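Peer 1: Have a look at this one before I ask anything.
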Amino acid sequence: MPGVEGFMYPNEIELQWSVLIVLYPFLTGLVAGAFILASLERVFRVQAVKPTYRLALLTALSFLLVAPLPLQLHLGHPERSYEMYLTPHTSSAMAMFGFVYLWYLMAVLVLEIWLDYRRDIVVMSQTTTGWKRWVYRVMTLGSSNISEHALAIDERVGYLITVIGIPSAFLLHGYVGFIFGSIKANPWWSTPLMPVVFLFSAMVSGIATVMLLYMLITWVRGQKIDMPCVDTVARYLFYTFIIDFSLEMLDLIHRIYESDESFRSLDFMVHTKLYLSHIVVQIVLGTVAPIALLALTQVLELTEADRKRIYVLAGCLTMVGIFAMRWNVVIGGQLFSKSFLGYTTYKMGLGAREGLLMAIVLTGLPFVILGVLVKLLPPWPETDSGSAPDATPAY
Amino acid sequence: MNLTRRHLLILLPTAAVAWKYILAGTPESSPNYTMASHWWSMLIDIPKCIGCGNCVRACQAENDVPDGYFRTWVERYHVTEWDLENPKVDSPDGGKKGFPPALEEGGKNFFVPKLCNHCVDSPCTQVCPVGATFISPDGVVLVDQKYCLGCRYCVQACPYGCRFINPKTETAEKCTLCYHRITKGLTTACCESCPTGARQLADLKNPKDPIHEFLKTHSVQILKPHMATGAKVFYNELDGSVR
């Protein structure tokens, strides 16, 4: 049979989870990582990263809004997906998705963004005209009190939500890792390290995304990049990356040393079908290279321009590496037979419902949403953008 | 009365409907069947299997299984004297049309029929997000086709590769132990068509079922016991190389 080597159980030849399921942990990882970066400023008082705070929140929201779409498009019966809310099967890890997602979206992210922007929204609902005025009016949710006392309450509640939000972000992505890690039938997935590895890789990808977006948007706006901020973000990226890499290596060394019944099959797969995406792209280009680049910025006295170039290069490689990691987990976990006697091939369609074009659209969609959000709720200080009006607060 | 074209136009559709719903397709009821009195399983007697593929064909015909997918299939193992970890296995088209002559010389050849193990602690039931997959009170793992989302998590969770997504219904499908037959006192299509009796439907709650004597007197094993799924398909003389 074309694309099949050795023996596969007859029902295993077709892959069940496609590139869209690769996108799902990739997108939710960016959400969790971006939020945790935002919490550095809010909860841990790392003032240097303040310029990225609001951008990180809006980035998290943009990606979170798109995260369920690949799942929905992948279902055989998307019209029945509401059943997961109405009659969730409590023993299923997947059944909790809807609740974890809604909790994170409504109780954490939207609420925190609203509280943080409430003053701006109220001001803009009074100073803008036309349809924008109506949009901002709706966004105030009828709460136009921006007295010092009210804003102080907003600040305290916002702080509390961020504190709740950190474990929620951990839950969101650790849970995605659990969906894979709890499948005992699949030795490529089945490890208790999976949720932790997913979590740290999420933080890595989220921090890298916000760093790249901040540098790109600041450059497009013709503003000066706040180097202490980017240096601090890059330092956190470096630290998180080292933890992530250590965990992945721990998993790898454990598998090699233990060499259980699945090892020979998985080892063969990594050296053949997954060689390019796993060894070359994920480990060498997407992990070792960016860690080495970031390490350079920590030990050498580099100029500002050099540091910027390195950060952009390391950030881009990181994104490629994390995507490759998701790919290798999801697709790699389906390329070998559960008999450990054979391998199949993933054939990605181009224009199909779960094809390449759909994946590209879904990857681009969060950036479009982010563009709209940034236009509606500018994340930079008023003096910088000049877009937010100077208004007298209403009491 | 003379039949006119008008009469025929009325009578023919009426007859068609009657044929479909009254004469041919009305589901038979099984009023005497008590689920709590049964606990279904299957016995596979490996030395008796000749790899004819009758069971696969009967299953496909009985259950309208689409081509390229299998509720049951037959594997052929070739094991050299001592290399149990590296058997040569093939299953062309699930063994539906039998097997070509074995090319490997030396060692031993044998056939292993496979199907859903109707596990007591089935991983597929555990992971289904809406409970569309369930274990019936008589021990059969079933899928509610009108409820299944088609998320494919159950297919990933089955250690035995027994599930697939039916391309017509876009829902999960698997062996039902011919539930529509066994609840009416019949055996499964695969057991019925097996010329050597290598497959035997068994009711573990029936003290008169010959399986009890068989299990007491033979060396019987289940597939992948380390998975701890509580598999209920028992294999007589299962070779250690089978996975």
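How things are named: the first chain in the structure tokens is A, the next is B, and so on; residues count from 1 in each chain; ligands count from 1 in the order shown.
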Please provide as a ChimeraX atom specification all residues within 12 Å of Pro101 (chain B), with the sequence filter that same-chain residues fewer than 5 positions apart are discarded (counting only C-alpha atoms).
Peer 2: /B:51,76,78,90,92,109
Peer 1: If you keep N, CA and C atoms, can you produce a file of those selected residues as a PDB file, in the first residue's frame?
Peer 2:
ATOM      1  N   GLY B  51      -7.623 -18.663   8.015  1.00  0.00           N
ATOM      2  CA  GLY B  51      -7.399 -17.434   7.245  1.00  0.00           C
ATOM      3  C   GLY B  51      -8.229 -17.344   5.978  1.00  0.00           C
ATOM      4  N   ARG B  76      -1.980 -12.400   9.516  1.00  0.00           N
ATOM      5  CA  ARG B  76      -1.173 -13.609   9.399  1.00  0.00           C
ATOM      6  C   ARG B  76       0.211 -13.307   9.982  1.00  0.00           C
ATOM      7  N   HIS B  78       4.124 -14.527  10.844  1.00  0.00           N
ATOM      8  CA  HIS B  78       5.214 -15.448  10.555  1.00  0.00           C
ATOM      9  C   HIS B  78       6.310 -15.164  11.588  1.00  0.00           C
ATOM     10  N   ASP B  90       1.140  -9.725   7.983  1.00  0.00           N
ATOM     11  CA  ASP B  90       0.418  -9.095   6.878  1.00  0.00           C
ATOM     12  C   ASP B  90      -1.078  -9.341   7.034  1.00  0.00           C
ATOM     13  N   PRO B  92      -3.614  -8.467   4.016  1.00  0.00           N
ATOM     14  CA  PRO B  92      -4.030  -7.775   2.778  1.00  0.00           C
ATOM     15  C   PRO B  92      -5.538  -7.586   2.738  1.00  0.00           C
ATOM     16  N   ASN B 109       3.784 -20.151  10.897  1.00  0.00           N
ATOM     17  CA  ASN B 109       2.759 -19.232  10.402  1.00  0.00           C
ATOM     18  C   ASN B 109       1.447 -19.529  11.121  1.00  0.00           C
TER      19      ASN B 109
END
Peer 1: Would you list which chain A residues are within 9 Å of chain B using only C-alpha atoms, as a PyMOL selection string?
Peer 2: chain A and resi 6-12+14+16-17+71+74-81+83-96+183-186+261+334+337-341
Peer 1: Using DSSP on the backbone, list every residue of region 7-255 of chain A that comes out as helix (DSSP H, G or I), and give them as JSON, numbers by chain.
Peer 2: {"A": [10, 11, 12, 19, 20, 21, 22, 23, 24, 25, 26, 27, 28, 29, 30, 31, 32, 33, 34, 35, 36, 37, 38, 39, 40, 41, 42, 47, 48, 49, 50, 51, 52, 53, 54, 55, 56, 57, 58, 59, 60, 61, 62, 63, 64, 65, 66, 68, 69, 70, 71, 72, 73, 74, 78, 79, 80, 83, 84, 85, 86, 94, 95, 96, 97, 98, 99, 100, 101, 102, 103, 104, 105, 106, 107, 108, 109, 110, 111, 112, 113, 114, 115, 116, 117, 118, 119, 120, 121, 122, 123, 124, 125, 126, 127, 130, 131, 132, 133, 134, 135, 136, 137, 138, 139, 140, 148, 149, 150, 151, 152, 153, 154, 155, 156, 157, 158, 159, 160, 161, 162, 163, 164, 165, 166, 167, 168, 169, 170, 171, 172, 173, 174, 175, 176, 177, 178, 179, 180, 181, 194, 195, 196, 197, 198, 199, 200, 201, 202, 203, 204, 205, 206, 207, 208, 209, 210, 211, 212, 213, 214, 215, 216, 217, 218, 219, 220, 227, 228, 229, 230, 231, 232, 233, 234, 235, 236, 237, 238, 239, 240, 241, 242, 243, 244, 245, 246, 247, 248, 249, 250, 251, 252, 253, 254, 255]}
Peer 1: Quick one: residues within 9 Å of Leu109 (chain A), only C-alpha atoms counted, chain neighbours fewer than 4 positions away excluded, as a list in words?
Peer 2: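 The neighbour list is Phe35, Leu57, Leu58, Ala60, Leu61, Trp103, Tyr104, Leu105, Ile113, Trp114, Ile161, Thr162 and Gly165 of chain A.
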Peer 1: Mind dumping a table of every region 286-346 of chain A residue within 9 Å of region 229-251 of chain A, with the nearest atom pair and its distance in Å to one decimal, using only C-alpha atoms, sorted by chain and rising number, as CSV?
Peer 2:
residue,atom,partner,partner_atom,distance
A:Thr287,CA,A:Phe245,CA,7.2
A:Val288,CA,A:Phe245,CA,8.5
A:Pro290,CA,A:Phe238,CA,8.5
A:Ile291,CA,A:Phe238,CA,6.3
A:Leu294,CA,A:Phe238,CA,6.0
A:Ala295,CA,A:Phe238,CA,7.2
A:Thr297,CA,A:Asp231,CA,8.7
A:Gln298,CA,A:Arg235,CA,7.7
A:Arg307,CA,A:Asp231,CA,8.3
A:Lys308,CA,A:Val230,CA,8.5
A:Tyr311,CA,A:Ala234,CA,7.0
A:Gly315,CA,A:Ala234,CA,8.8
Peer 1: Show which residues sit within 7 Å of region 115-120 of chain B, as a list in words. Count only C-alpha atoms, and ignore same-chain residues fewer than 2 positions away.
Peer 2: Arg71, Thr72, Trp73, Pro113, Ser122, Val140, Val141, Cys162, Lys174, Cys175, Thr229, Gly230, Ala231, Lys232 and Val233 of chain B
Peer 1: For the atom pair CA of Glu112 (chain A) and CA of Thr363 (chain A), what is the interatomic distance in Å to one decimal place?
Peer 2: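 For CA of Glu112 (chain A) relative to CA of Thr363 (chain A), the distance reads 24.5 Å.
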Peer 1: Might you pull out every residue within 12 Å of Asp306 (chain A), with only C-alpha atoms counted and same-chain residues fewer than 4 positions away left off, and present them as a PDB file with C-alpha atoms, in the first residue's frame?
Peer 2:
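The result, written out as out.pdb:
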ATOM      1  CA  MET A 227      15.302  48.235  24.751  1.00  0.00           C
ATOM      2  CA  ASP A 231      16.006  42.871  26.888  1.00  0.00           C
ATOM      3  CA  LEU A 293      21.511  33.157  20.201  1.00  0.00           C
ATOM      4  CA  LEU A 294      19.774  34.331  23.369  1.00  0.00           C
ATOM      5  CA  LEU A 296      24.994  35.284  23.337  1.00  0.00           C
ATOM      6  CA  THR A 297      23.003  38.355  24.321  1.00  0.00           C
ATOM      7  CA  LEU A 300      28.411  39.377  25.308  1.00  0.00           C
ATOM      8  CA  GLU A 301      28.250  43.162  25.320  1.00  0.00           C
ATOM      9  CA  LEU A 302      26.373  43.635  22.068  1.00  0.00           C
ATOM     10  CA  ILE A 310      19.374  38.552  17.383  1.00  0.00           C
ATOM     11  CA  TYR A 311      16.023  38.885  19.170  1.00  0.00           C
ATOM     12  CA  VAL A 312      14.120  38.914  15.880  1.00  0.00           C
ATOM     13  CA  LEU A 313      16.042  35.922  14.554  1.00  0.00           C
ATOM     14  CA  ALA A 314      15.760  33.987  17.825  1.00  0.00           C
TER      15      ALA A 314
END
Peer 1: Enter the distance from CA of Leu266 (chain A) to CA of Phe180 (chain A), in Å, rounded to one decimal.
Peer 2: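 Value for the CA of Leu266 (chain A)-CA of Phe180 (chain A) distance: 16.3 Å.
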Peer 1: With a distance cut-off of 12 Å and only C-alpha atoms, select the neighbouring residues of Val284 (chain A), excluding the residue or stretch itself and same-chain residues fewer than 2 positions from it, and output the selection as a list in words.
Peer 2: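 Result of the neighbour search: Phe245, Tyr275, Leu276, Ser277, His278, Ile279, Val280, Val281, Gln282, Gly286, Thr287, Val288, Ala289, Pro290, Ile291, Ala292, Leu317, Thr318, Val320, Gly321, Ile322, Ala324 and Met325 of chain A.
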Peer 1: Nearest to Lys347 (chain A) among A:Leu252, A:Lys375, A:Val361, A:Ile331, with distances taken over only C-alpha atoms: which residue is it?
Peer 2: A:Ile331
